[in-house]
>>> print(open('target.cif').read())   # mmCIF, C-alpha atoms
data_input
#
loop_
_atom_site.label_atom_id
_atom_site.label_comp_id
_atom_site.auth_asym_id
_atom_site.auth_seq_id
_atom_site.Cartn_x
_atom_site.Cartn_y
_atom_site.Cartn_z
CA MET A 1 -14.80 22.79 8.66
CA GLN A 2 -15.14 19.11 7.82
CA ILE A 3 -14.02 18.56 4.22
CA LEU A 4 -14.36 14.78 4.08
CA PRO A 5 -17.06 12.68 5.80
CA PRO A 6 -15.82 11.25 9.14
CA ALA A 7 -16.40 7.70 7.83
CA LEU A 8 -13.85 8.37 5.09
CA ASP A 9 -11.40 10.11 7.43
CA ASP A 10 -11.54 7.09 9.76
CA LEU A 11 -10.75 4.74 6.89
CA ILE A 12 -7.85 6.88 5.65
CA GLU A 13 -6.45 6.92 9.18
CA ALA A 14 -6.84 3.14 9.54
CA PHE A 15 -5.12 2.48 6.21
CA GLY A 16 -2.36 4.86 7.31
CA LEU A 17 -1.37 2.38 10.05
CA LEU A 18 -0.14 -0.13 7.48
CA PRO A 19 3.65 -0.24 7.05
CA GLY A 20 4.97 2.16 4.43
CA VAL A 21 1.57 3.72 3.78
CA GLY A 22 1.64 7.52 3.91
CA PRO A 23 -1.34 9.88 3.84
CA ARG A 24 -1.47 9.96 0.02
CA THR A 25 -1.47 6.20 -0.37
CA ALA A 26 -4.02 5.84 2.44
CA GLU A 27 -6.26 8.32 0.60
CA ARG A 28 -5.83 6.36 -2.60
CA TYR A 29 -6.82 3.09 -0.92
CA ALA A 30 -9.79 4.70 0.81
CA TYR A 31 -10.93 6.34 -2.40
CA TYR A 32 -10.74 3.02 -4.20
CA MET A 33 -13.09 1.62 -1.58
CA VAL A 34 -15.45 4.59 -2.05
CA LYS A 35 -15.54 4.08 -5.81
CA HIS A 36 -16.21 0.38 -5.54
CA ASP A 37 -19.32 -1.09 -3.99
CA GLN A 38 -19.67 -2.22 -0.40
CA ALA A 39 -18.75 -5.79 -1.41
CA SER A 40 -15.05 -4.92 -1.92
CA ALA A 41 -14.86 -3.18 1.44
CA ASN A 42 -16.72 -6.05 3.11
CA ARG A 43 -14.36 -8.62 1.64
CA LEU A 44 -11.34 -6.97 3.19
CA ALA A 45 -13.24 -6.29 6.43
CA THR A 46 -14.25 -9.95 6.73
CA ALA A 47 -10.73 -11.19 6.01
CA LEU A 48 -9.37 -8.84 8.68
CA SER A 49 -11.92 -9.87 11.30
CA ALA A 50 -11.33 -13.56 10.64
CA LEU A 51 -7.52 -13.29 10.67
CA HIS A 52 -6.57 -13.81 14.29
CA GLY A 53 -9.25 -16.42 14.83
CA GLY A 54 -8.03 -18.37 11.81
CA ILE A 55 -4.33 -18.63 12.52
CA GLY A 56 -2.11 -20.28 15.10
CA TYR A 57 1.50 -21.23 15.50
CA CYS A 58 2.94 -24.70 14.94
CA GLU A 59 4.16 -26.11 18.26
CA LYS A 60 7.26 -27.58 16.64
CA THR A 61 8.30 -25.15 13.92
CA PHE A 62 6.47 -21.95 14.98
CA ALA A 63 5.33 -21.45 11.41
CA LEU A 64 1.81 -20.08 10.96
CA VAL A 65 -0.83 -22.80 10.77
CA PRO A 66 -4.62 -22.82 10.49
CA ALA A 67 -6.20 -22.37 13.95
CA ASP A 68 -7.46 -25.97 14.05
CA GLN A 69 -3.97 -27.39 13.58
CA THR A 70 -1.18 -27.62 16.16
CA ILE A 71 1.56 -28.98 13.93
CA SER A 72 2.49 -27.59 10.51
CA ASP A 73 1.99 -29.84 7.47
CA LEU A 74 5.57 -29.00 6.60
CA TYR A 75 6.65 -30.87 9.73
CA SER A 76 4.08 -33.64 10.04
CA ASP A 77 4.43 -34.73 6.39
CA PRO A 78 6.42 -38.02 6.50
CA ARG A 79 8.23 -37.03 3.30
CA ARG A 80 9.95 -34.12 5.06
CA ASP A 81 13.39 -34.93 6.42
CA LYS A 82 13.26 -33.99 10.10
CA THR A 83 17.02 -34.28 10.49
CA ILE A 84 17.55 -31.13 8.40
CA ILE A 85 16.21 -27.82 9.75
CA ALA A 86 16.20 -24.49 7.91
CA VAL A 87 16.21 -21.78 10.58
CA VAL A 88 14.40 -18.65 9.36
CA ALA A 89 13.35 -15.36 10.94
CA ASP A 90 9.72 -15.19 9.77
CA THR A 91 6.92 -17.30 8.38
CA PHE A 92 7.16 -15.63 4.98
CA ASP A 93 10.73 -16.85 4.65
CA VAL A 94 9.24 -20.36 4.76
CA VAL A 95 6.99 -19.42 1.84
CA ALA A 96 9.98 -18.10 -0.14
CA LEU A 97 12.03 -21.26 0.44
CA GLU A 98 9.03 -23.54 -0.26
CA LYS A 99 8.50 -21.84 -3.60
CA THR A 100 11.89 -23.10 -4.78
CA GLY A 101 10.54 -26.66 -4.45
CA GLN A 102 14.12 -27.70 -3.62
CA PHE A 103 14.04 -28.11 0.11
CA LYS A 104 12.80 -31.36 1.61
CA GLY A 105 13.81 -30.72 5.24
CA THR A 106 11.78 -28.95 7.90
CA TYR A 107 11.71 -25.34 9.11
CA HIS A 108 12.15 -23.53 12.38
CA VAL A 109 10.75 -20.01 12.59
CA LEU A 110 12.60 -17.89 15.15
CA GLY A 111 9.94 -15.18 15.19
CA GLY A 112 12.42 -12.37 14.58
CA LEU A 113 16.13 -11.66 14.79
CA VAL A 114 18.33 -10.52 17.66
CA SER A 115 18.28 -6.73 17.49
CA PRO A 116 19.47 -4.49 20.34
CA ILE A 117 17.98 -1.44 18.57
CA ASP A 118 14.49 -2.93 18.42
CA ASN A 119 15.01 -4.39 21.90
CA ILE A 120 14.75 -8.00 20.72
CA THR A 121 16.91 -10.26 22.87
CA PRO A 122 17.70 -13.91 22.06
CA GLU A 123 15.35 -14.91 24.89
CA GLU A 124 12.37 -13.75 22.87
CA LEU A 125 13.21 -15.97 19.92
CA HIS A 126 12.34 -19.67 19.67
CA ILE A 127 15.93 -20.78 20.17
CA PRO A 128 15.50 -23.13 23.20
CA GLU A 129 12.78 -24.95 21.22
CA LEU A 130 15.23 -25.29 18.34
CA MET A 131 17.80 -26.89 20.66
CA ARG A 132 15.15 -29.30 21.94
CA ARG A 133 14.23 -30.26 18.36
CA ILE A 134 17.90 -30.82 17.51
CA ASP A 135 18.18 -33.27 20.40
CA GLU A 136 14.80 -34.99 19.95
CA ASP A 137 14.85 -35.40 16.18
CA GLU A 138 18.58 -36.24 16.03
CA VAL A 139 19.14 -33.38 13.63
CA LYS A 140 22.16 -33.69 11.35
CA GLU A 141 22.18 -30.30 9.67
CA ILE A 142 20.84 -26.86 10.44
CA ILE A 143 20.78 -24.29 7.67
CA LEU A 144 20.99 -20.79 9.13
CA ALA A 145 18.79 -19.09 6.54
CA THR A 146 18.71 -15.65 8.16
CA ASN A 147 19.36 -12.46 6.19
CA ALA A 148 22.88 -11.15 5.63
CA SER A 149 22.11 -8.16 7.85
CA VAL A 150 23.81 -7.33 11.15
CA GLU A 151 20.77 -8.81 12.95
CA GLY A 152 20.75 -11.91 10.75
CA GLU A 153 24.46 -12.53 11.23
CA SER A 154 24.43 -11.99 14.99
CA THR A 155 21.41 -14.27 15.39
CA ALA A 156 23.22 -16.95 13.38
CA LEU A 157 26.30 -16.50 15.56
CA TYR A 158 24.23 -16.75 18.74
CA ILE A 159 22.62 -19.99 17.59
CA GLN A 160 26.03 -21.36 16.64
CA GLN A 161 27.25 -20.67 20.18
CA GLN A 162 24.15 -22.25 21.74
CA LEU A 163 24.75 -25.47 19.83
CA GLY A 164 27.75 -26.16 22.08
CA GLU A 165 28.96 -29.73 21.89
CA ARG A 166 26.14 -30.98 19.67
CA GLU A 167 27.40 -32.74 16.54
CA VAL A 168 25.41 -30.85 13.95
CA LEU A 169 26.51 -29.61 10.55
CA ILE A 170 25.89 -25.86 10.41
CA THR A 171 25.44 -24.29 7.00
CA ARG A 172 24.53 -20.83 5.69
CA LEU A 173 22.74 -20.02 2.44
CA ALA A 174 25.27 -19.26 -0.29
CA ARG A 175 25.96 -15.58 -0.95
CA GLY A 176 27.00 -14.58 -4.42
CA LEU A 177 25.82 -13.10 -7.67
CA PRO A 178 22.07 -13.42 -8.22
CA ILE A 179 21.03 -15.08 -11.45
CA GLY A 180 20.62 -12.53 -14.24
CA VAL A 181 22.88 -9.88 -12.70
CA ASP A 182 25.94 -8.87 -14.69
CA LEU A 183 29.26 -8.90 -12.92
CA GLU A 184 29.88 -5.23 -13.62
CA TYR A 185 26.61 -4.21 -11.93
CA ALA A 186 27.07 -6.27 -8.77
CA ASP A 187 27.88 -4.39 -5.57
CA GLN A 188 31.29 -4.82 -3.95
CA ILE A 189 30.14 -6.83 -0.93
CA THR A 190 28.19 -9.30 -3.06
CA LEU A 191 31.11 -9.65 -5.41
CA SER A 192 33.64 -10.20 -2.62
CA ARG A 193 31.31 -12.81 -1.07
CA ALA A 194 30.98 -14.48 -4.47
CA LEU A 195 34.74 -14.57 -4.71
CA THR A 196 35.24 -15.95 -1.19
CA GLY A 197 32.58 -18.59 -1.73
CA ARG A 198 33.76 -19.59 -5.19
CA GLN A 199 33.15 -23.24 -6.08
CA THR A 200 35.37 -25.63 -7.97
CA LEU A 201 33.64 -26.90 -11.07
CA ASP A 202 34.03 -30.61 -10.29
CA LYS A 203 32.20 -30.02 -6.96
CA GLY A 204 29.13 -29.95 -9.15
CA ILE A 205 27.59 -26.73 -10.36
CA SER A 206 24.42 -27.40 -12.28
CA MET B 1 0.41 -28.53 0.34
CA GLN B 2 -0.93 -25.51 2.20
CA ILE B 3 2.02 -23.33 3.25
CA LEU B 4 0.07 -20.45 4.82
CA PRO B 5 -3.20 -20.71 6.81
CA PRO B 6 -6.25 -20.00 4.59
CA ALA B 7 -7.19 -17.03 6.83
CA LEU B 8 -3.90 -15.39 5.94
CA ASP B 9 -4.15 -16.27 2.25
CA ASP B 10 -7.62 -14.67 2.17
CA LEU B 11 -6.29 -11.49 3.71
CA ILE B 12 -3.33 -11.30 1.32
CA GLU B 13 -5.73 -11.74 -1.59
CA ALA B 14 -8.09 -9.04 -0.26
CA PHE B 15 -5.22 -6.56 0.24
CA GLY B 16 -4.09 -7.39 -3.29
CA LEU B 17 -7.26 -5.79 -4.66
CA LEU B 18 -6.11 -2.34 -3.56
CA PRO B 19 -4.71 -0.16 -6.35
CA GLY B 20 -0.98 -0.54 -6.88
CA VAL B 21 -0.66 -3.34 -4.32
CA GLY B 22 1.22 -6.37 -5.66
CA PRO B 23 1.60 -9.76 -3.98
CA ARG B 24 4.68 -8.69 -1.98
CA THR B 25 3.06 -5.56 -0.59
CA ALA B 26 -0.14 -7.47 0.19
CA GLU B 27 1.95 -10.01 2.10
CA ARG B 28 3.65 -7.21 3.99
CA TYR B 29 0.32 -5.65 5.00
CA ALA B 30 -1.13 -9.01 6.01
CA TYR B 31 1.97 -9.86 7.99
CA TYR B 32 1.75 -6.55 9.81
CA MET B 33 -1.76 -7.50 10.84
CA VAL B 34 -0.57 -10.92 12.01
CA LYS B 35 2.18 -9.38 14.14
CA HIS B 36 -0.15 -6.85 15.73
CA ASP B 37 -3.07 -7.78 17.93
CA GLN B 38 -6.62 -8.21 16.76
CA ALA B 39 -7.40 -4.58 17.69
CA SER B 40 -5.44 -3.20 14.70
CA ALA B 41 -7.19 -5.55 12.30
CA ASN B 42 -10.55 -4.76 13.85
CA ARG B 43 -10.02 -1.03 13.53
CA LEU B 44 -9.50 -1.28 9.77
CA ALA B 45 -12.32 -3.83 9.48
CA THR B 46 -14.75 -1.54 11.31
CA ALA B 47 -13.78 1.49 9.23
CA LEU B 48 -14.30 -0.53 6.05
CA SER B 49 -17.69 -1.87 7.13
CA ALA B 50 -18.88 1.59 8.15
CA LEU B 51 -17.65 3.30 4.99
CA HIS B 52 -20.54 3.06 2.57
CA GLY B 53 -23.13 3.57 5.30
CA GLY B 54 -21.35 6.71 6.43
CA ILE B 55 -20.94 8.60 3.19
CA GLY B 56 -23.21 10.23 0.66
CA TYR B 57 -22.95 12.73 -2.15
CA CYS B 58 -23.86 16.41 -1.92
CA GLU B 59 -26.89 17.11 -4.10
CA LYS B 60 -25.42 20.38 -5.32
CA THR B 61 -21.68 19.85 -5.58
CA PHE B 62 -21.45 16.03 -5.66
CA ALA B 63 -18.64 16.18 -3.13
CA LEU B 64 -18.61 13.42 -0.51
CA VAL B 65 -20.63 14.30 2.59
CA PRO B 66 -21.55 12.43 5.79
CA ALA B 67 -24.55 10.17 5.18
CA ASP B 68 -26.86 12.35 7.30
CA GLN B 69 -26.18 15.43 5.18
CA THR B 70 -27.55 16.22 1.72
CA ILE B 71 -25.63 19.44 1.08
CA SER B 72 -21.89 19.89 1.58
CA ASP B 73 -20.73 22.37 4.22
CA LEU B 74 -18.53 23.84 1.51
CA TYR B 75 -21.70 24.89 -0.32
CA SER B 76 -24.13 25.68 2.50
CA ASP B 77 -21.65 27.86 4.38
CA PRO B 78 -22.81 31.46 3.79
CA ARG B 79 -19.19 32.63 3.61
CA ARG B 80 -18.62 30.63 0.41
CA ASP B 81 -19.11 32.62 -2.78
CA LYS B 82 -21.66 30.65 -4.81
CA THR B 83 -21.00 32.69 -7.95
CA ILE B 84 -17.54 31.11 -8.34
CA ILE B 85 -17.32 27.38 -9.01
CA ALA B 86 -14.16 25.31 -9.16
CA VAL B 87 -14.91 22.31 -11.38
CA VAL B 88 -12.88 19.27 -10.32
CA ALA B 89 -12.78 15.61 -11.32
CA ASP B 90 -12.81 13.97 -7.88
CA THR B 91 -13.60 14.64 -4.25
CA PHE B 92 -9.93 14.50 -3.29
CA ASP B 93 -9.25 17.43 -5.62
CA VAL B 94 -11.56 19.41 -3.33
CA VAL B 95 -9.39 18.43 -0.36
CA ALA B 96 -6.24 19.54 -2.22
CA LEU B 97 -7.72 22.93 -3.12
CA GLU B 98 -9.19 23.43 0.36
CA LYS B 99 -5.78 22.85 1.92
CA THR B 100 -4.47 25.97 0.18
CA GLY B 101 -6.97 27.99 2.24
CA GLN B 102 -7.10 30.41 -0.71
CA PHE B 103 -10.36 29.52 -2.37
CA LYS B 104 -13.60 31.00 -1.08
CA GLY B 105 -15.89 29.88 -3.90
CA THR B 106 -17.74 26.56 -4.16
CA TYR B 107 -16.89 23.29 -5.87
CA HIS B 108 -18.46 21.03 -8.43
CA VAL B 109 -17.25 17.45 -8.55
CA LEU B 110 -17.68 15.90 -12.00
CA GLY B 111 -17.14 12.37 -10.76
CA GLY B 112 -14.47 11.61 -13.35
CA LEU B 113 -13.18 12.88 -16.67
CA VAL B 114 -14.28 12.21 -20.24
CA SER B 115 -12.23 9.23 -21.36
CA PRO B 116 -13.03 7.15 -24.46
CA ILE B 117 -10.50 4.53 -23.38
CA ASP B 118 -12.16 3.96 -20.00
CA ASN B 119 -15.56 4.28 -21.68
CA ILE B 120 -16.54 7.40 -19.71
CA THR B 121 -18.79 9.63 -21.79
CA PRO B 122 -19.76 13.22 -20.83
CA GLU B 123 -23.26 11.89 -20.03
CA GLU B 124 -21.89 10.04 -17.00
CA LEU B 125 -20.39 13.17 -15.48
CA HIS B 126 -22.33 15.76 -13.47
CA ILE B 127 -22.24 18.35 -16.25
CA PRO B 128 -26.02 19.03 -16.66
CA GLU B 129 -26.15 19.71 -12.90
CA LEU B 130 -23.27 22.15 -13.32
CA MET B 131 -25.21 24.02 -16.02
CA ARG B 132 -28.24 24.16 -13.75
CA ARG B 133 -26.14 25.59 -10.92
CA ILE B 134 -24.65 28.19 -13.26
CA ASP B 135 -28.16 29.37 -14.14
CA GLU B 136 -29.67 29.14 -10.63
CA ASP B 137 -26.81 30.68 -8.67
CA GLU B 138 -26.02 33.32 -11.32
CA VAL B 139 -22.45 32.08 -11.50
CA LYS B 140 -19.88 34.61 -12.69
CA GLU B 141 -16.78 32.45 -12.98
CA ILE B 142 -16.04 28.79 -13.37
CA ILE B 143 -12.49 27.58 -12.79
CA LEU B 144 -11.85 24.43 -14.82
CA ALA B 145 -9.53 22.76 -12.31
CA THR B 146 -9.11 19.48 -14.16
CA ASN B 147 -5.70 17.89 -14.74
CA ALA B 148 -3.55 18.85 -17.72
CA SER B 149 -4.02 15.36 -19.17
CA VAL B 150 -5.77 14.53 -22.45
CA GLU B 151 -8.87 13.59 -20.44
CA GLY B 152 -8.69 16.75 -18.33
CA GLU B 153 -8.30 18.99 -21.35
CA SER B 154 -11.07 17.36 -23.36
CA THR B 155 -13.44 17.50 -20.39
CA ALA B 156 -12.65 21.20 -19.99
CA LEU B 157 -13.27 21.74 -23.69
CA TYR B 158 -16.58 19.88 -23.54
CA ILE B 159 -17.79 21.99 -20.59
CA GLN B 160 -16.71 25.14 -22.43
CA GLN B 161 -18.86 24.11 -25.41
CA GLN B 162 -21.84 23.27 -23.19
CA LEU B 163 -21.80 26.75 -21.66
CA GLY B 164 -23.05 28.14 -24.98
CA GLU B 165 -24.36 31.66 -24.70
CA ARG B 166 -24.04 31.91 -20.92
CA GLU B 167 -22.04 34.92 -19.80
CA VAL B 168 -19.57 33.22 -17.53
CA LEU B 169 -15.88 33.85 -17.11
CA ILE B 170 -14.03 30.60 -17.77
CA THR B 171 -10.60 30.17 -16.22
CA ARG B 172 -8.03 27.38 -15.95
CA LEU B 173 -5.53 26.82 -13.16
CA ALA B 174 -2.18 28.37 -14.07
CA ARG B 175 0.42 26.00 -15.49
CA GLY B 176 4.05 26.82 -14.93
CA LEU B 177 7.08 26.07 -12.85
CA PRO B 178 6.26 24.55 -9.46
CA ILE B 179 7.73 26.38 -6.47
CA GLY B 180 11.16 25.02 -5.60
CA VAL B 181 11.93 23.58 -9.02
CA ASP B 182 14.97 24.97 -10.83
CA LEU B 183 14.50 26.13 -14.37
CA GLU B 184 17.12 23.74 -15.72
CA TYR B 185 15.30 20.71 -14.26
CA ALA B 186 11.83 21.61 -15.54
CA ASP B 187 10.44 19.51 -18.38
CA GLN B 188 9.91 21.08 -21.78
CA ILE B 189 6.11 21.16 -21.71
CA THR B 190 5.99 22.81 -18.29
CA LEU B 191 8.58 25.32 -19.37
CA SER B 192 6.78 26.19 -22.60
CA ARG B 193 3.52 26.58 -20.65
CA ALA B 194 5.32 28.81 -18.15
CA LEU B 195 6.58 30.88 -21.05
CA THR B 196 3.18 31.15 -22.74
CA GLY B 197 1.48 32.05 -19.48
CA ARG B 198 4.14 34.53 -18.38
CA GLN B 199 2.83 37.37 -16.25
CA THR B 200 3.81 41.04 -16.31
CA LEU B 201 5.15 42.12 -12.96
CA ASP B 202 2.75 45.02 -12.42
CA LYS B 203 -0.16 42.58 -12.80
CA GLY B 204 0.76 41.59 -9.26
CA ILE B 205 2.97 38.65 -8.49
CA SER B 206 3.31 38.16 -4.76
#
>>> encode(input="target.cif", output="C-alpha cells")
Amino acid sequence: MQILPPALDDLIEAFGLLPGVGPRTAERYAYYMVKHDQASANRLATALSALHGGIGYCEKTFALVPADQTISDLYSDPRRDKTIIAVVADTFDVVALEKTGQFKGTYHVLGGLVSPIDNITPEELHIPELMRRIDEDEVKEIILATNASVEGESTALYIQQQLGEREVLITRLARGLPIGVDLEYADQITLSRALTGRQTLDKGIS
Amino acid sequence: MQILPPALDDLIEAFGLLPGVGPRTAERYAYYMVKHDQASANRLATALSALHGGIGYCEKTFALVPADQTISDLYSDPRRDKTIIAVVADTFDVVALEKTGQFKGTYHVLGGLVSPIDNITPEELHIPELMRRIDEDEVKEIILATNASVEGESTALYIQQQLGEREVLITRLARGLPIGVDLEYADQITLSRALTGRQTLDKGIS
C-alpha cells in the first residue's frame, strides 16, 4: 500500500542523494517543502536548473566563474599579485582564503587531491597548468594550501617534485593552535606541529 | 568582488532555506551539485516542481494523498477498522506508525499541535472533522498519538474535552523505556512514566 503520494516519495529520494542526508533528513526537507507554498520549492528548483548553465571554470586558475567569463576576477584584477599562487584543492577553499582579506596573490584550483583510494591520480588534477603558469607569470612563491590530510600532503609533495629546477619559494600554511583554543584542549598532533613551527618573537608576531 | 558565480550563490542561498541547513551545509550541497552532472540537479529540480501539483489532502483523514485521489488508501481500504482512529499531528507520524505494521485502524492528521507560542489555535487543526468522523463512523476508540511535549499534551487534553458526552475509549501511546535502553541510562521522566505505567505480567507482555 502506498502511504505517501509518489510526488513526495520522489522528492524524499532526490533529497536523499545529497551528501550526508539520510532518510530522516530527506523526509524533513521534503516535508518543509510540503508545508511551504510552491514558491519555496520553485526557488530551489530554478536555482538547480540554472546551475550548470550559469557556471564555468577559469582557464587560468580553474576557479568557478560565471558562464560568460573565461578568466576569474581574482586573476584578471590588476591589483592581484600574479607572482604568488595559493594552490588549493577546491573552489570553496578560495572562498575561505578570500574571506580573510589578507591574501593579495592569485589562486590555482587543483580540482581535487591525489587519492589512490578514490582513484584520483595526479594526471587528473590541474598540475601541468600550474607549471605553465609558474613559467609564464614568473611566479616567485607558491603556497601549498592543501589540507593536512594524507591526500593533501601527498599532493603537496607531488607538486614539489614536479617543480624540478624552477626557482620558486614553496610555502605551506602554518599549522598550530587555532585562535581561541586552550593549550590543554589541543590534540597532540596540532600541539607537536605548533611546537615544531614555533616562531621567534622578533620575527614579528602580530 | 564576486568570488563565486551568481548561479552558485543563488543555489547556496536556496539550500539555506531548508530547516537546519546553515551556510556550510548549503555550500556542501551546492558543491555536490556542481561536481555532479546536470542530471542530478535536474532530478531534484523536477521533483520539487512536481511536488505541489502531485499531492493533496485526504478529505477524511487529512493525510497526504496523490493529487488524483480524494480519500487516503489507509481509510478507503475495507480491511482498515474505521471505528479506531489514531490521532496524529503530521503526515509523517502516519508513516512511522504504518511501519510498525501493527495498526489496523485509521488515522486522523491534525495538521499540527496547539501551540500558543507558534500562534496555532485549536481552530486551525482538523478537530471538528475528527468529531464528525467519530459520530459518522461510530468510532469506539481514539488513540491520542501526539508527542509527549507540552503542545502534544495540551492538544490531547483539548480533544478529550471536545469529546464531551460521546462514548469513546480514549487511549494514549504507552510511555516507558525504549527497547534496547538500559535502565541506568534512562532519563528521570521516562523512568517515572515507565514506573507509573507499569504492567502486570498476566495482562500479557509479549
>>> resolve_selection(input="target.cif", expression="the PyMOL selection byres ((chain B and resi 74) around 8)", output="PyMOL selection string")
(chain A and resi 3) or (chain B and resi 72-73+75-77+80+106-107)
>>> residues_around(input="target.cif", residues="His108 (chain B)", least_positions_apart="4", cutoff="7 Å", atoms="only C-alpha atoms", output="PyMOL selection string")
chain B and resi 61-62+85-88+130
>>> resolve_selection(input="target.cif", expression="the PyMOL selection byres ((chain A) within 9 of (chain B))", output="PyMOL selection string")
chain A and resi 1-8+10-15+17-19+27-34+37-38+40-56+63-67+72-74+91-92+94-95+98
>>> write_last_selection(input="target.cif", atoms="C-alpha atoms", output="CSV table (one decimal), keeping the file's coordinate frame")
chain,number,residue,atom,x,y,z
A,1,MET,CA,-14.8,22.8,8.7
A,2,GLN,CA,-15.1,19.1,7.8
A,3,ILE,CA,-14.0,18.6,4.2
A,4,LEU,CA,-14.4,14.8,4.1
A,5,PRO,CA,-17.1,12.7,5.8
A,6,PRO,CA,-15.8,11.2,9.1
A,7,ALA,CA,-16.4,7.7,7.8
A,8,LEU,CA,-13.8,8.4,5.1
A,10,ASP,CA,-11.5,7.1,9.8
A,11,LEU,CA,-10.8,4.7,6.9
A,12,ILE,CA,-7.8,6.9,5.6
A,13,GLU,CA,-6.4,6.9,9.2
A,14,ALA,CA,-6.8,3.1,9.5
A,15,PHE,CA,-5.1,2.5,6.2
A,17,LEU,CA,-1.4,2.4,10.0
A,18,LEU,CA,-0.1,-0.1,7.5
A,19,PRO,CA,3.6,-0.2,7.0
A,27,GLU,CA,-6.3,8.3,0.6
A,28,ARG,CA,-5.8,6.4,-2.6
A,29,TYR,CA,-6.8,3.1,-0.9
A,30,ALA,CA,-9.8,4.7,0.8
A,31,TYR,CA,-10.9,6.3,-2.4
A,32,TYR,CA,-10.7,3.0,-4.2
A,33,MET,CA,-13.1,1.6,-1.6
A,34,VAL,CA,-15.4,4.6,-2.0
A,37,ASP,CA,-19.3,-1.1,-4.0
A,38,GLN,CA,-19.7,-2.2,-0.4
A,40,SER,CA,-15.0,-4.9,-1.9
A,41,ALA,CA,-14.9,-3.2,1.4
A,42,ASN,CA,-16.7,-6.0,3.1
A,43,ARG,CA,-14.4,-8.6,1.6
A,44,LEU,CA,-11.3,-7.0,3.2
A,45,ALA,CA,-13.2,-6.3,6.4
A,46,THR,CA,-14.2,-10.0,6.7
A,47,ALA,CA,-10.7,-11.2,6.0
A,48,LEU,CA,-9.4,-8.8,8.7
A,49,SER,CA,-11.9,-9.9,11.3
A,50,ALA,CA,-11.3,-13.6,10.6
A,51,LEU,CA,-7.5,-13.3,10.7
A,52,HIS,CA,-6.6,-13.8,14.3
A,53,GLY,CA,-9.2,-16.4,14.8
A,54,GLY,CA,-8.0,-18.4,11.8
A,55,ILE,CA,-4.3,-18.6,12.5
A,56,GLY,CA,-2.1,-20.3,15.1
A,63,ALA,CA,5.3,-21.4,11.4
A,64,LEU,CA,1.8,-20.1,11.0
A,65,VAL,CA,-0.8,-22.8,10.8
A,66,PRO,CA,-4.6,-22.8,10.5
A,67,ALA,CA,-6.2,-22.4,14.0
A,72,SER,CA,2.5,-27.6,10.5
A,73,ASP,CA,2.0,-29.8,7.5
A,74,LEU,CA,5.6,-29.0,6.6
A,91,THR,CA,6.9,-17.3,8.4
A,92,PHE,CA,7.2,-15.6,5.0
A,94,VAL,CA,9.2,-20.4,4.8
A,95,VAL,CA,7.0,-19.4,1.8
A,98,GLU,CA,9.0,-23.5,-0.3
>>> residues_around(input="target.cif", residues="Asn147 (chain B)", least_positions_apart="5", cutoff="12 Å", atoms="all atoms listed in the file", output="list in words")
Val87, Val88, Ala89, Asp90, Asp93, Gly112, Leu113, Val114, Gly152, Glu153, Ser154, Thr155, Ala156, Arg172, Leu173, Ala174 and Arg175 of chain B
>>> residues_around(input="target.cif", residues="region 190-197 of chain B", least_positions_apart="4", cutoff="12 Å", atoms="all atoms listed in the file", output="ChimeraX atom specification")
/B:148,172-178,181-186
>>> axis_aligned_box(input="target.cif", around="region 62-74 of chain B", padding_each_side="3 Å", output="AutoDock Vina command-line options")
--center_x -23.0 --center_y 17.0 --center_z 0.8 --size_x 15.0 --size_y 19.7 --size_z 19.0
>>> atom_distance(input="target.cif", atom1="CA of Ser115 (chain A)", atom2="CA of Glu129 (chain A)")
19.4 Å
>>> atom_distance(input="target.cif", atom1="CA of Ile71 (chain B)", atom2="CA of Leu97 (chain B)")
18.7 Å
>>> atom_distance(input="target.cif", atom1="CA of Gly105 (chain B)", atom2="CA of Asp137 (chain B)")
11.9 Å
>>> closest_residue(input="target.cif", among="B:Asp187, B:Glu151, B:Asp135, B:Glu124", to="Val168 (chain B)", atoms="all atoms listed in the file")
B:Asp135
>>> closest_residue(input="target.cif", among="B:Leu110, B:Ala26, B:Ile84, B:Val150", to="Leu169 (chain B)", atoms="only C-alpha atoms")
B:Ile84
>>> resolve_selection(input="target.cif", expression="the PyMOL selection byres ((chain B and resi 166) around 10)", output="NGL selection string")
:B and (131 or 134-135 or 138-140 or 162-165 or 167-169)
>>> closest_residue(input="target.cif", among="A:Val109, A:Leu125, A:Thr146, A:Gln188", to="Glu59 (chain A)", atoms="only C-alpha atoms")
A:Val109
